[in-house]
>>> print(open('work-v1.csv').read())   # CSV, C-alpha atoms
chain,number,residue,atom,x,y,z
A,158,MET,CA,17.3,30.0,-3.5
A,159,ASP,CA,15.4,27.8,-5.9
A,160,GLY,CA,14.6,24.3,-4.7
A,161,GLY,CA,15.8,21.1,-6.3
A,162,ARG,CA,16.1,17.4,-5.3
A,163,ILE,CA,19.2,16.6,-3.4
A,164,LEU,CA,20.4,13.2,-2.2
A,165,VAL,CA,22.6,13.2,0.9
A,166,VAL,CA,24.8,10.1,1.2
A,167,ASP,CA,26.7,9.7,4.5
A,168,ASP,CA,27.1,6.9,7.0
A,169,GLU,CA,26.9,9.3,10.0
A,170,PRO,CA,23.2,9.8,11.0
A,171,GLN,CA,24.0,13.2,12.6
A,172,MET,CA,25.5,14.6,9.4
A,173,ARG,CA,22.4,13.4,7.4
A,174,ARG,CA,20.1,15.0,9.9
A,175,VAL,CA,21.9,18.3,9.9
A,176,LEU,CA,22.1,18.5,6.1
A,177,ARG,CA,18.5,17.4,5.7
A,178,SER,CA,17.3,20.1,8.1
A,179,THR,CA,19.4,22.9,6.7
A,180,LEU,CA,18.7,22.2,3.0
A,181,SER,CA,15.0,21.5,3.6
A,182,ALA,CA,14.7,24.9,5.3
A,183,LEU,CA,16.1,26.5,2.1
A,184,GLY,CA,13.4,24.9,-0.1
A,185,PHE,CA,15.2,21.8,-1.3
A,186,VAL,CA,13.6,18.4,-1.4
A,187,VAL,CA,16.1,16.2,0.5
A,188,ALA,CA,16.4,12.4,0.6
A,189,ASP,CA,19.2,10.5,2.2
A,190,ALA,CA,21.1,7.2,2.1
A,191,ASP,CA,23.4,5.7,4.7
A,192,SER,CA,25.6,3.7,2.3
A,193,GLY,CA,26.9,3.7,-1.2
A,194,GLU,CA,24.8,0.7,-2.1
A,195,ALA,CA,21.7,2.4,-0.9
A,196,ALA,CA,22.6,5.6,-2.8
A,197,ILE,CA,23.0,3.6,-6.1
A,198,GLU,CA,19.5,2.0,-5.6
A,199,ARG,CA,17.9,5.4,-5.0
A,200,VAL,CA,19.5,6.9,-8.1
A,201,ARG,CA,18.2,4.0,-10.1
A,202,ALA,CA,14.7,4.6,-8.8
A,203,GLU,CA,14.5,8.4,-8.5
A,204,LYS,CA,15.7,11.5,-10.2
A,205,PHE,CA,17.9,14.0,-8.3
A,206,ASP,CA,19.5,17.3,-9.3
A,207,LEU,CA,22.5,16.9,-7.0
A,208,ILE,CA,24.2,14.3,-4.7
A,209,LEU,CA,26.2,15.2,-1.6
A,210,LEU,CA,28.4,12.1,-1.3
A,211,ASP,CA,30.7,11.3,1.7
A,212,ILE,CA,34.0,9.9,0.5
A,213,ASN,CA,34.7,7.8,3.6
A,214,MET,CA,32.1,5.1,4.0
A,215,PRO,CA,32.4,1.5,4.9
A,216,ARG,CA,31.9,-1.3,2.4
A,217,LEU,CA,31.4,0.7,-0.9
A,218,SER,CA,33.5,3.8,-0.6
A,219,GLY,CA,32.4,7.2,-1.8
A,220,LEU,CA,34.8,7.0,-4.8
A,221,GLU,CA,33.5,3.7,-5.8
A,222,THR,CA,29.9,4.9,-5.4
A,223,CYS,CA,30.7,8.0,-7.4
A,224,ARG,CA,32.1,5.9,-10.3
A,225,ALA,CA,29.1,3.6,-10.2
A,226,ILE,CA,26.6,6.5,-10.3
A,227,ARG,CA,28.5,8.4,-13.0
A,228,SER,CA,28.5,5.3,-15.2
A,229,ARG,CA,24.8,5.6,-15.5
A,230,SER,CA,23.8,9.1,-14.6
A,231,ASP,CA,24.8,12.7,-15.3
A,232,VAL,CA,23.6,14.0,-12.0
A,233,SER,CA,25.8,16.6,-10.3
A,234,ILE,CA,27.9,15.2,-7.5
A,235,ILE,CA,29.7,17.1,-4.7
A,236,MET,CA,32.0,14.9,-2.6
A,237,LEU,CA,32.3,15.6,1.2
A,238,THR,CA,35.7,14.6,2.5
A,239,VAL,CA,37.9,15.0,5.7
A,240,ARG,CA,40.9,14.5,3.4
A,241,ASP,CA,42.6,17.8,2.4
A,242,ARG,CA,45.5,16.5,0.3
A,243,PRO,CA,45.5,17.7,-3.3
A,244,LEU,CA,45.9,14.0,-4.4
A,245,ASP,CA,42.7,13.0,-2.6
A,246,LYS,CA,40.7,15.9,-4.2
A,247,ILE,CA,42.1,15.0,-7.6
A,248,GLU,CA,40.9,11.4,-7.0
A,249,ALA,CA,37.4,12.6,-6.3
A,250,LEU,CA,37.3,14.6,-9.5
A,251,ASP,CA,38.8,11.7,-11.5
A,252,ALA,CA,36.0,9.5,-10.1
A,253,GLY,CA,33.5,11.8,-11.8
A,254,ALA,CA,32.7,14.3,-9.0
A,255,ASP,CA,31.9,17.9,-10.1
A,256,GLY,CA,33.4,19.3,-6.9
A,257,TYR,CA,34.3,18.7,-3.3
A,258,VAL,CA,33.9,20.3,0.1
A,259,THR,CA,36.3,19.5,3.0
A,260,LYS,CA,34.9,18.5,6.4
A,261,PRO,CA,34.4,20.2,8.8
A,262,PHE,CA,32.9,22.8,6.5
A,263,ASP,CA,31.1,26.0,6.9
A,264,VAL,CA,27.4,25.7,5.9
A,265,ASN,CA,27.7,28.9,3.8
A,266,GLU,CA,30.6,27.4,1.9
A,267,LEU,CA,28.6,24.3,1.2
A,268,LEU,CA,25.6,26.3,0.0
A,269,ALA,CA,27.9,28.4,-2.3
A,270,ARG,CA,29.2,25.1,-3.9
A,271,ILE,CA,25.6,23.8,-4.3
A,272,ARG,CA,24.5,27.1,-5.9
A,273,ALA,CA,27.4,27.1,-8.3
A,274,THR,CA,26.9,23.5,-9.2
A,275,LEU,CA,23.2,23.8,-9.8
A,276,ARG,CA,23.6,27.0,-11.8
A,277,ARG,CA,26.1,25.2,-14.0
A,278,ALA,CA,24.0,22.1,-14.6
A,279,PRO,CA,21.7,23.6,-17.4
A,280,ALA,CA,24.6,25.2,-19.1
A,281,SER,CA,25.4,22.0,-21.1
A,282,ALA,CA,22.3,22.8,-23.2
A,283,VAL,CA,24.2,25.8,-24.6
A,284,GLY,CA,25.4,25.2,-28.1
A,285,GLN,CA,24.0,21.7,-28.1
A,286,ALA,CA,23.0,22.1,-31.8
A,287,GLU,CA,26.7,22.5,-32.8
A,288,LEU,CA,28.9,20.0,-34.5
A,289,LEU,CA,32.6,20.7,-34.4
A,290,HIS,CA,35.0,19.2,-37.0
A,291,LEU,CA,38.7,19.2,-36.4
A,292,ASP,CA,41.4,17.1,-38.1
A,293,GLY,CA,40.4,13.6,-37.3
A,294,VAL,CA,38.1,14.8,-34.5
A,295,GLU,CA,34.3,15.2,-34.5
A,296,ILE,CA,32.6,16.8,-31.4
A,297,SER,CA,28.8,16.7,-31.1
A,298,PHE,CA,27.7,19.0,-28.4
A,299,ARG,CA,24.1,17.9,-28.8
A,300,ASP,CA,25.0,14.2,-28.2
A,301,ARG,CA,27.9,15.0,-25.8
A,302,GLN,CA,30.1,12.6,-27.9
A,303,VAL,CA,33.6,12.9,-29.3
A,304,LYS,CA,34.9,10.7,-32.1
A,305,VAL,CA,38.7,10.6,-32.6
A,306,ASN,CA,39.9,8.5,-35.5
A,307,GLY,CA,36.9,6.2,-35.1
A,308,ARG,CA,37.1,6.0,-31.3
A,309,THR,CA,34.0,7.3,-29.5
A,310,ALA,CA,34.0,8.9,-26.0
A,311,ARG,CA,31.2,10.5,-24.1
A,312,LEU,CA,31.6,13.9,-22.4
A,313,THR,CA,30.4,14.5,-18.8
A,314,PRO,CA,28.3,17.6,-18.3
A,315,THR,CA,31.2,19.4,-16.7
A,316,GLU,CA,33.6,18.3,-19.5
A,317,GLN,CA,31.1,19.6,-22.1
A,318,ASP,CA,30.8,23.0,-20.4
A,319,LEU,CA,34.5,23.4,-20.2
A,320,LEU,CA,35.1,22.3,-23.8
A,321,HIS,CA,32.2,24.6,-25.0
A,322,TYR,CA,33.9,27.5,-23.2
A,323,PHE,CA,37.2,26.8,-24.9
A,324,VAL,CA,35.6,26.5,-28.3
A,325,MET,CA,33.7,29.8,-27.9
A,326,HIS,CA,37.1,31.5,-27.2
A,327,PRO,CA,39.4,30.0,-29.8
A,328,ASN,CA,43.1,31.0,-30.0
A,329,MET,CA,42.9,33.2,-26.9
A,330,VAL,CA,45.0,32.8,-23.8
A,331,LEU,CA,42.4,32.1,-21.0
A,332,PRO,CA,43.6,32.7,-17.4
A,333,HIS,CA,42.9,29.9,-14.9
A,334,ASP,CA,40.6,32.1,-12.8
A,335,LYS,CA,38.6,33.3,-15.7
A,336,ILE,CA,37.9,29.8,-16.9
A,337,LEU,CA,37.0,28.6,-13.4
A,338,GLN,CA,34.6,31.4,-12.8
A,339,ALA,CA,33.0,31.1,-16.3
A,340,VAL,CA,32.5,27.3,-16.0
A,341,TRP,CA,32.2,26.6,-12.3
A,342,GLY,CA,31.0,29.9,-11.0
A,343,PRO,CA,32.4,32.9,-9.0
A,344,ASP,CA,33.1,30.7,-5.9
A,345,TYR,CA,35.7,28.6,-7.8
A,346,GLY,CA,38.2,31.2,-8.9
A,347,ASN,CA,41.1,29.7,-7.0
A,348,GLU,CA,40.4,26.0,-7.6
A,349,VAL,CA,43.2,25.4,-10.2
A,350,GLU,CA,43.2,21.7,-9.3
A,351,TYR,CA,39.7,21.4,-10.7
A,352,LEU,CA,40.9,22.8,-14.0
A,353,ARG,CA,43.9,20.6,-14.3
A,354,VAL,CA,42.0,17.5,-13.7
A,355,PHE,CA,39.2,18.3,-16.2
A,356,VAL,CA,41.7,19.5,-18.8
A,357,ASN,CA,43.5,16.2,-18.5
A,358,GLN,CA,40.2,14.3,-18.9
A,359,LEU,CA,39.3,16.4,-22.0
A,360,ARG,CA,42.7,15.8,-23.6
A,361,LYS,CA,42.3,12.0,-23.2
A,362,LYS,CA,39.0,12.3,-25.0
A,363,ILE,CA,39.6,14.8,-27.8
A,364,GLU,CA,43.3,14.7,-28.5
A,365,PRO,CA,44.7,12.1,-30.9
A,366,GLU,CA,47.8,12.1,-28.7
A,367,PRO,CA,46.9,13.3,-25.2
A,368,ALA,CA,50.5,13.5,-24.1
A,369,ARG,CA,51.2,15.8,-27.0
A,370,PRO,CA,48.1,18.0,-27.1
A,371,ARG,CA,47.2,19.7,-30.4
A,372,TYR,CA,44.1,21.6,-29.4
A,373,ILE,CA,44.0,22.3,-25.6
A,374,LEU,CA,47.4,24.0,-25.1
A,375,THR,CA,48.9,25.0,-21.8
A,376,GLU,CA,50.1,28.6,-21.4
A,377,PRO,CA,52.7,28.2,-18.6
A,378,TRP,CA,51.8,30.1,-15.4
A,379,LEU,CA,48.8,31.7,-17.2
A,380,GLY,CA,46.1,29.3,-18.3
A,381,TYR,CA,45.1,27.5,-21.4
A,382,ARG,CA,44.5,28.2,-25.1
A,383,PHE,CA,42.2,26.3,-27.5
A,384,ASN,CA,44.1,26.0,-30.7
A,385,MET,CA,41.6,26.3,-33.6
A,386,PRO,CA,43.5,26.0,-36.8
A,387,PRO,CA,42.2,28.6,-39.4
A,388,ALA,CA,41.5,25.8,-41.9
A,389,GLU,CA,39.1,24.1,-39.5
A,390,ALA,CA,35.5,25.4,-39.2
A,391,ARG,CA,32.5,24.7,-37.1
A,392,SER,CA,29.2,23.6,-38.5
A,393,SER,CA,25.8,23.5,-36.9
A,394,GLU,CA,22.9,21.2,-37.4
A,395,PRO,CA,19.3,22.4,-37.2
>>> encode(input="work-v1.csv", output="structure tokens")
Amino acid sequence: MDGGRILVVDDEPQMRRVLRSTLSALGFVVADADSGEAAIERVRAEKFDLILLDINMPRLSGLETCRAIRSRSDVSIIMLTVRDRPLDKIEALDAGADGYVTKPFDVNELLARIRATLRRAPASAVGQAELLHLDGVEISFRDRQVKVNGRTARLTPTEQDLLHYFVMHPNMVLPHDKILQAVWGPDYGNEVEYLRVFVNQLRKKIEPEPARPRYILTEPWLGYRFNMPPAEARSSEP
């Protein structure tokens, strides 16, 4: 496995030691922080490829820490949580996490999630020279920005990867598992919750009326379809 810089954020010293030892042995450069506040300071001062962030921490929670980091950084974030309810997982994704792993976890499962997330990180560069114009919507993959009737929103790396996949497969019914494996990697084929959360986030950013989507359409029980009207065309900038 190729190395990278990982920040482990957990208030339990034993968990930090185990993760540091395991990941360091695999070639990663590992730093750690024992609180959300300390994690935010480290992210301000250093560059990381991925953050493993415990959701249950005193003072500043993992969710609050994730939101704070995401507001200023595109670093990949995997949440570590003892909570296994779908709602808790959705909250983690809504906070800006790219994924989550439930404690207690198998080390191989965690490594699979790390591999998938790090493989996906550079994918946002794909198609970044493209500028997509729809009716009242302008999407710049290069700048990761969406303008809808004059309102501007910024796409996260995961949102951009998902939107790019939709755009590259217009007017096709895309099954849940195919989208997940293409965007998140082969280890995510059954994580339909991921997809629902990120589709909802994308709709809020690119749809003129998110509650009545015009572009990202749900195909009941099957998946999604990106509706690219024939009259609309993509253009690219050099």
>>> residues_near_point(input="work-v1.csv", point="(31.3, 5.0, -0.2)", cutoff="10 Å", atoms="all atoms listed in the file", output="short mmCIF file (atom, residue, chain, number, x, y, z; two decimals) with C-alpha atoms, in the frame of the given file")
data_model
loop_
_atom_site.label_atom_id
_atom_site.label_comp_id
_atom_site.auth_asym_id
_atom_site.auth_seq_id
_atom_site.Cartn_x
_atom_site.Cartn_y
_atom_site.Cartn_z
CA VAL A 166 24.80 10.10 1.20
CA ASP A 167 26.70 9.70 4.50
CA ASP A 168 27.10 6.90 7.00
CA ASP A 191 23.40 5.70 4.70
CA SER A 192 25.60 3.70 2.30
CA GLY A 193 26.90 3.70 -1.20
CA GLU A 194 24.80 0.70 -2.10
CA ALA A 195 21.70 2.40 -0.90
CA ALA A 196 22.60 5.60 -2.80
CA LEU A 210 28.40 12.10 -1.30
CA ASP A 211 30.70 11.30 1.70
CA ILE A 212 34.00 9.90 0.50
CA ASN A 213 34.70 7.80 3.60
CA MET A 214 32.10 5.10 4.00
CA PRO A 215 32.40 1.50 4.90
CA ARG A 216 31.90 -1.30 2.40
CA LEU A 217 31.40 0.70 -0.90
CA SER A 218 33.50 3.80 -0.60
CA GLY A 219 32.40 7.20 -1.80
CA LEU A 220 34.80 7.00 -4.80
CA GLU A 221 33.50 3.70 -5.80
CA THR A 222 29.90 4.90 -5.40
CA CYS A 223 30.70 8.00 -7.40
#
>>> atom_distance(input="work-v1.csv", atom1="atom CA of A:Pro377", atom2="atom CA of A:Met329")
13.8 Å
>>> residues_around(input="work-v1.csv", residues="stretch 333-340 of chain A", least_positions_apart="4", cutoff="8 Å", atoms="only C-alpha atoms", output="list in words")
Arg277, Asp318, Leu319, Tyr322, Asp344, Tyr345, Gly346, Asn347, Glu348, Val349, Leu352, Leu379, Gly380 and Tyr381 of chain A
>>> residues_around(input="work-v1.csv", residues="stretch 175-181 of chain A", least_positions_apart="3", cutoff="9 Å", atoms="only C-alpha atoms", output="NGL selection string")
:A and (160 or 163 or 165 or 170-172 or 184-189 or 264 or 268)
>>> residues_around(input="work-v1.csv", residues="A:Pro386", least_positions_apart="6", cutoff="10 Å", atoms="all atoms listed in the file", output="short mmCIF file (atom, residue, chain, number, x, y, z; two decimals) with C-alpha atoms, in the coordinates of the input")
data_model
loop_
_atom_site.label_atom_id
_atom_site.label_comp_id
_atom_site.auth_asym_id
_atom_site.auth_seq_id
_atom_site.Cartn_x
_atom_site.Cartn_y
_atom_site.Cartn_z
CA LEU A 291 38.70 19.20 -36.40
CA ASP A 292 41.40 17.10 -38.10
CA PRO A 327 39.40 30.00 -29.80
CA ASN A 328 43.10 31.00 -30.00
CA ARG A 371 47.20 19.70 -30.40
CA TYR A 372 44.10 21.60 -29.40
#
>>> residues_around(input="work-v1.csv", residues="stretch 201-206 of chain A", least_positions_apart="3", cutoff="9 Å", atoms="all atoms listed in the file", output="MDAnalysis selection string")
chainID A and resid 161:164 196:198 226 229:230 232:234 275 278
>>> atom_distance(input="work-v1.csv", atom1="atom CA of A:Val258", atom2="atom CA of A:Ile235")
7.1 Å
>>> atom_distance(input="work-v1.csv", atom1="atom CA of A:Thr315", atom2="atom CA of A:Leu207")
13.3 Å
>>> residues_around(input="work-v1.csv", residues="stretch 246-252 of chain A", least_positions_apart="2", cutoff="8 Å", atoms="only C-alpha atoms", output="ChimeraX atom specification")
/A:220-221,223-224,236,240-244,254-257,350-351,354-355,358
>>> closest_residue(input="work-v1.csv", among="A:Gly342, A:Arg199, A:Pro332, A:Phe323", to="A:Arg276", atoms="only C-alpha atoms")
A:Gly342
>>> residues_near_point(input="work-v1.csv", point="(39.4, 12.3, -20.0)", cutoff="10 Å", atoms="all atoms listed in the file", output="list in words")
Asp251, Ala310, Arg311, Leu312, Thr313, Glu316, Val354, Phe355, Val356, Asn357, Gln358, Leu359, Arg360, Lys361, Lys362, Ile363, Glu364 and Pro367 of chain A
>>> closest_residue(input="work-v1.csv", among="A:Ala368, A:Val330, A:Ala182, A:Val324", to="A:Glu287", atoms="all atoms listed in the file")
A:Val324
>>> build_atoms(input="work-v1.csv", residues="stretch 354-365 of chain A", atoms="all heavy atoms", output="PDB file, in the coordinates of the input")
ATOM      1  N   VAL A 354      42.547  18.798 -13.590  1.00  0.00           N
ATOM      2  CA  VAL A 354      42.000  17.500 -13.700  1.00  0.00           C
ATOM      3  C   VAL A 354      41.061  17.384 -14.946  1.00  0.00           C
ATOM      4  O   VAL A 354      41.157  16.452 -15.747  1.00  0.00           O
ATOM      5  CB  VAL A 354      41.159  17.098 -12.453  1.00  0.00           C
ATOM      6  CG1 VAL A 354      40.360  15.816 -12.679  1.00  0.00           C
ATOM      7  CG2 VAL A 354      42.094  16.924 -11.264  1.00  0.00           C
ATOM      8  N   PHE A 355      40.176  18.369 -15.107  1.00  0.00           N
ATOM      9  CA  PHE A 355      39.200  18.300 -16.200  1.00  0.00           C
ATOM     10  C   PHE A 355      39.895  18.550 -17.561  1.00  0.00           C
ATOM     11  O   PHE A 355      39.473  17.994 -18.578  1.00  0.00           O
ATOM     12  CB  PHE A 355      38.072  19.272 -15.979  1.00  0.00           C
ATOM     13  CG  PHE A 355      37.049  18.725 -15.018  1.00  0.00           C
ATOM     14  CD1 PHE A 355      37.028  19.128 -13.694  1.00  0.00           C
ATOM     15  CD2 PHE A 355      36.137  17.767 -15.423  1.00  0.00           C
ATOM     16  CE1 PHE A 355      36.114  18.612 -12.798  1.00  0.00           C
ATOM     17  CE2 PHE A 355      35.211  17.235 -14.539  1.00  0.00           C
ATOM     18  CZ  PHE A 355      35.201  17.659 -13.222  1.00  0.00           C
ATOM     19  N   VAL A 356      40.938  19.370 -17.593  1.00  0.00           N
ATOM     20  CA  VAL A 356      41.700  19.500 -18.800  1.00  0.00           C
ATOM     21  C   VAL A 356      42.346  18.214 -19.226  1.00  0.00           C
ATOM     22  O   VAL A 356      42.309  17.810 -20.398  1.00  0.00           O
ATOM     23  CB  VAL A 356      42.738  20.657 -18.707  1.00  0.00           C
ATOM     24  CG1 VAL A 356      43.763  20.577 -19.842  1.00  0.00           C
ATOM     25  CG2 VAL A 356      42.055  22.022 -18.733  1.00  0.00           C
ATOM     26  N   ASN A 357      42.925  17.517 -18.244  1.00  0.00           N
ATOM     27  CA  ASN A 357      43.500  16.200 -18.500  1.00  0.00           C
ATOM     28  C   ASN A 357      42.482  15.221 -19.049  1.00  0.00           C
ATOM     29  O   ASN A 357      42.743  14.445 -19.973  1.00  0.00           O
ATOM     30  CB  ASN A 357      44.217  15.663 -17.286  1.00  0.00           C
ATOM     31  CG  ASN A 357      45.520  16.374 -16.976  1.00  0.00           C
ATOM     32  OD1 ASN A 357      46.133  16.969 -17.862  1.00  0.00           O
ATOM     33  ND2 ASN A 357      45.943  16.326 -15.722  1.00  0.00           N
ATOM     34  N   GLN A 358      41.291  15.245 -18.444  1.00  0.00           N
ATOM     35  CA  GLN A 358      40.200  14.300 -18.900  1.00  0.00           C
ATOM     36  C   GLN A 358      39.809  14.674 -20.326  1.00  0.00           C
ATOM     37  O   GLN A 358      39.600  13.769 -21.147  1.00  0.00           O
ATOM     38  CB  GLN A 358      39.030  14.451 -17.951  1.00  0.00           C
ATOM     39  CG  GLN A 358      39.287  13.861 -16.575  1.00  0.00           C
ATOM     40  CD  GLN A 358      38.156  14.102 -15.602  1.00  0.00           C
ATOM     41  OE1 GLN A 358      37.338  14.997 -15.802  1.00  0.00           O
ATOM     42  NE2 GLN A 358      38.109  13.326 -14.543  1.00  0.00           N
ATOM     43  N   LEU A 359      39.674  15.961 -20.617  1.00  0.00           N
ATOM     44  CA  LEU A 359      39.300  16.400 -22.000  1.00  0.00           C
ATOM     45  C   LEU A 359      40.358  15.965 -22.989  1.00  0.00           C
ATOM     46  O   LEU A 359      40.045  15.495 -24.086  1.00  0.00           O
ATOM     47  CB  LEU A 359      39.067  17.875 -22.033  1.00  0.00           C
ATOM     48  CG  LEU A 359      37.681  18.393 -21.699  1.00  0.00           C
ATOM     49  CD1 LEU A 359      37.644  19.911 -21.822  1.00  0.00           C
ATOM     50  CD2 LEU A 359      36.630  17.780 -22.616  1.00  0.00           C
ATOM     51  N   ARG A 360      41.617  16.152 -22.626  1.00  0.00           N
ATOM     52  CA  ARG A 360      42.700  15.800 -23.600  1.00  0.00           C
ATOM     53  C   ARG A 360      42.635  14.301 -23.892  1.00  0.00           C
ATOM     54  O   ARG A 360      42.871  13.905 -25.035  1.00  0.00           O
ATOM     55  CB  ARG A 360      44.038  16.160 -22.950  1.00  0.00           C
ATOM     56  CG  ARG A 360      44.368  17.650 -23.061  1.00  0.00           C
ATOM     57  CD  ARG A 360      45.634  17.999 -22.316  1.00  0.00           C
ATOM     58  NE  ARG A 360      46.055  19.369 -22.592  1.00  0.00           N
ATOM     59  CZ  ARG A 360      46.929  20.037 -21.854  1.00  0.00           C
ATOM     60  NH1 ARG A 360      47.482  19.449 -20.798  1.00  0.00           N
ATOM     61  NH2 ARG A 360      47.264  21.274 -22.170  1.00  0.00           N
ATOM     62  N   LYS A 361      42.337  13.474 -22.900  1.00  0.00           N
ATOM     63  CA  LYS A 361      42.300  12.000 -23.200  1.00  0.00           C
ATOM     64  C   LYS A 361      41.139  11.705 -24.129  1.00  0.00           C
ATOM     65  O   LYS A 361      41.199  10.690 -24.831  1.00  0.00           O
ATOM     66  CB  LYS A 361      42.033  11.287 -21.840  1.00  0.00           C
ATOM     67  CG  LYS A 361      43.229  11.308 -20.908  1.00  0.00           C
ATOM     68  CD  LYS A 361      42.889  10.646 -19.573  1.00  0.00           C
ATOM     69  CE  LYS A 361      44.054  10.742 -18.604  1.00  0.00           C
ATOM     70  NZ  LYS A 361      43.710  10.166 -17.272  1.00  0.00           N
ATOM     71  N   LYS A 362      40.122  12.561 -24.184  1.00  0.00           N
ATOM     72  CA  LYS A 362      39.000  12.300 -25.000  1.00  0.00           C
ATOM     73  C   LYS A 362      39.021  12.924 -26.396  1.00  0.00           C
ATOM     74  O   LYS A 362      38.492  12.372 -27.352  1.00  0.00           O
ATOM     75  CB  LYS A 362      37.684  12.699 -24.287  1.00  0.00           C
ATOM     76  CG  LYS A 362      37.388  11.857 -23.058  1.00  0.00           C
ATOM     77  CD  LYS A 362      36.086  12.231 -22.387  1.00  0.00           C
ATOM     78  CE  LYS A 362      35.805  11.317 -21.198  1.00  0.00           C
ATOM     79  NZ  LYS A 362      34.523  11.638 -20.522  1.00  0.00           N
ATOM     80  N   ILE A 363      39.628  14.112 -26.507  1.00  0.00           N
ATOM     81  CA  ILE A 363      39.600  14.800 -27.800  1.00  0.00           C
ATOM     82  C   ILE A 363      40.901  14.870 -28.524  1.00  0.00           C
ATOM     83  O   ILE A 363      40.923  15.180 -29.721  1.00  0.00           O
ATOM     84  CB  ILE A 363      39.014  16.246 -27.651  1.00  0.00           C
ATOM     85  CG1 ILE A 363      40.069  17.194 -27.066  1.00  0.00           C
ATOM     86  CG2 ILE A 363      37.748  16.274 -26.827  1.00  0.00           C
ATOM     87  CD1 ILE A 363      39.716  18.645 -27.228  1.00  0.00           C
ATOM     88  N   GLU A 364      42.004  14.595 -27.825  1.00  0.00           N
ATOM     89  CA  GLU A 364      43.300  14.700 -28.500  1.00  0.00           C
ATOM     90  C   GLU A 364      43.707  13.365 -29.089  1.00  0.00           C
ATOM     91  O   GLU A 364      43.645  12.329 -28.415  1.00  0.00           O
ATOM     92  CB  GLU A 364      44.370  15.128 -27.458  1.00  0.00           C
ATOM     93  CG  GLU A 364      44.150  16.505 -26.835  1.00  0.00           C
ATOM     94  CD  GLU A 364      44.581  17.635 -27.764  1.00  0.00           C
ATOM     95  OE1 GLU A 364      45.052  17.346 -28.890  1.00  0.00           O
ATOM     96  OE2 GLU A 364      44.438  18.804 -27.362  1.00  0.00           O
ATOM     97  N   PRO A 365      44.145  13.363 -30.348  1.00  0.00           N
ATOM     98  CA  PRO A 365      44.700  12.100 -30.900  1.00  0.00           C
ATOM     99  C   PRO A 365      45.851  11.581 -30.128  1.00  0.00           C
ATOM    100  O   PRO A 365      46.011  10.369 -29.993  1.00  0.00           O
ATOM    101  CB  PRO A 365      45.098  12.567 -32.338  1.00  0.00           C
ATOM    102  CG  PRO A 365      44.215  13.744 -32.647  1.00  0.00           C
ATOM    103  CD  PRO A 365      44.056  14.462 -31.337  1.00  0.00           C
TER     104      PRO A 365
END
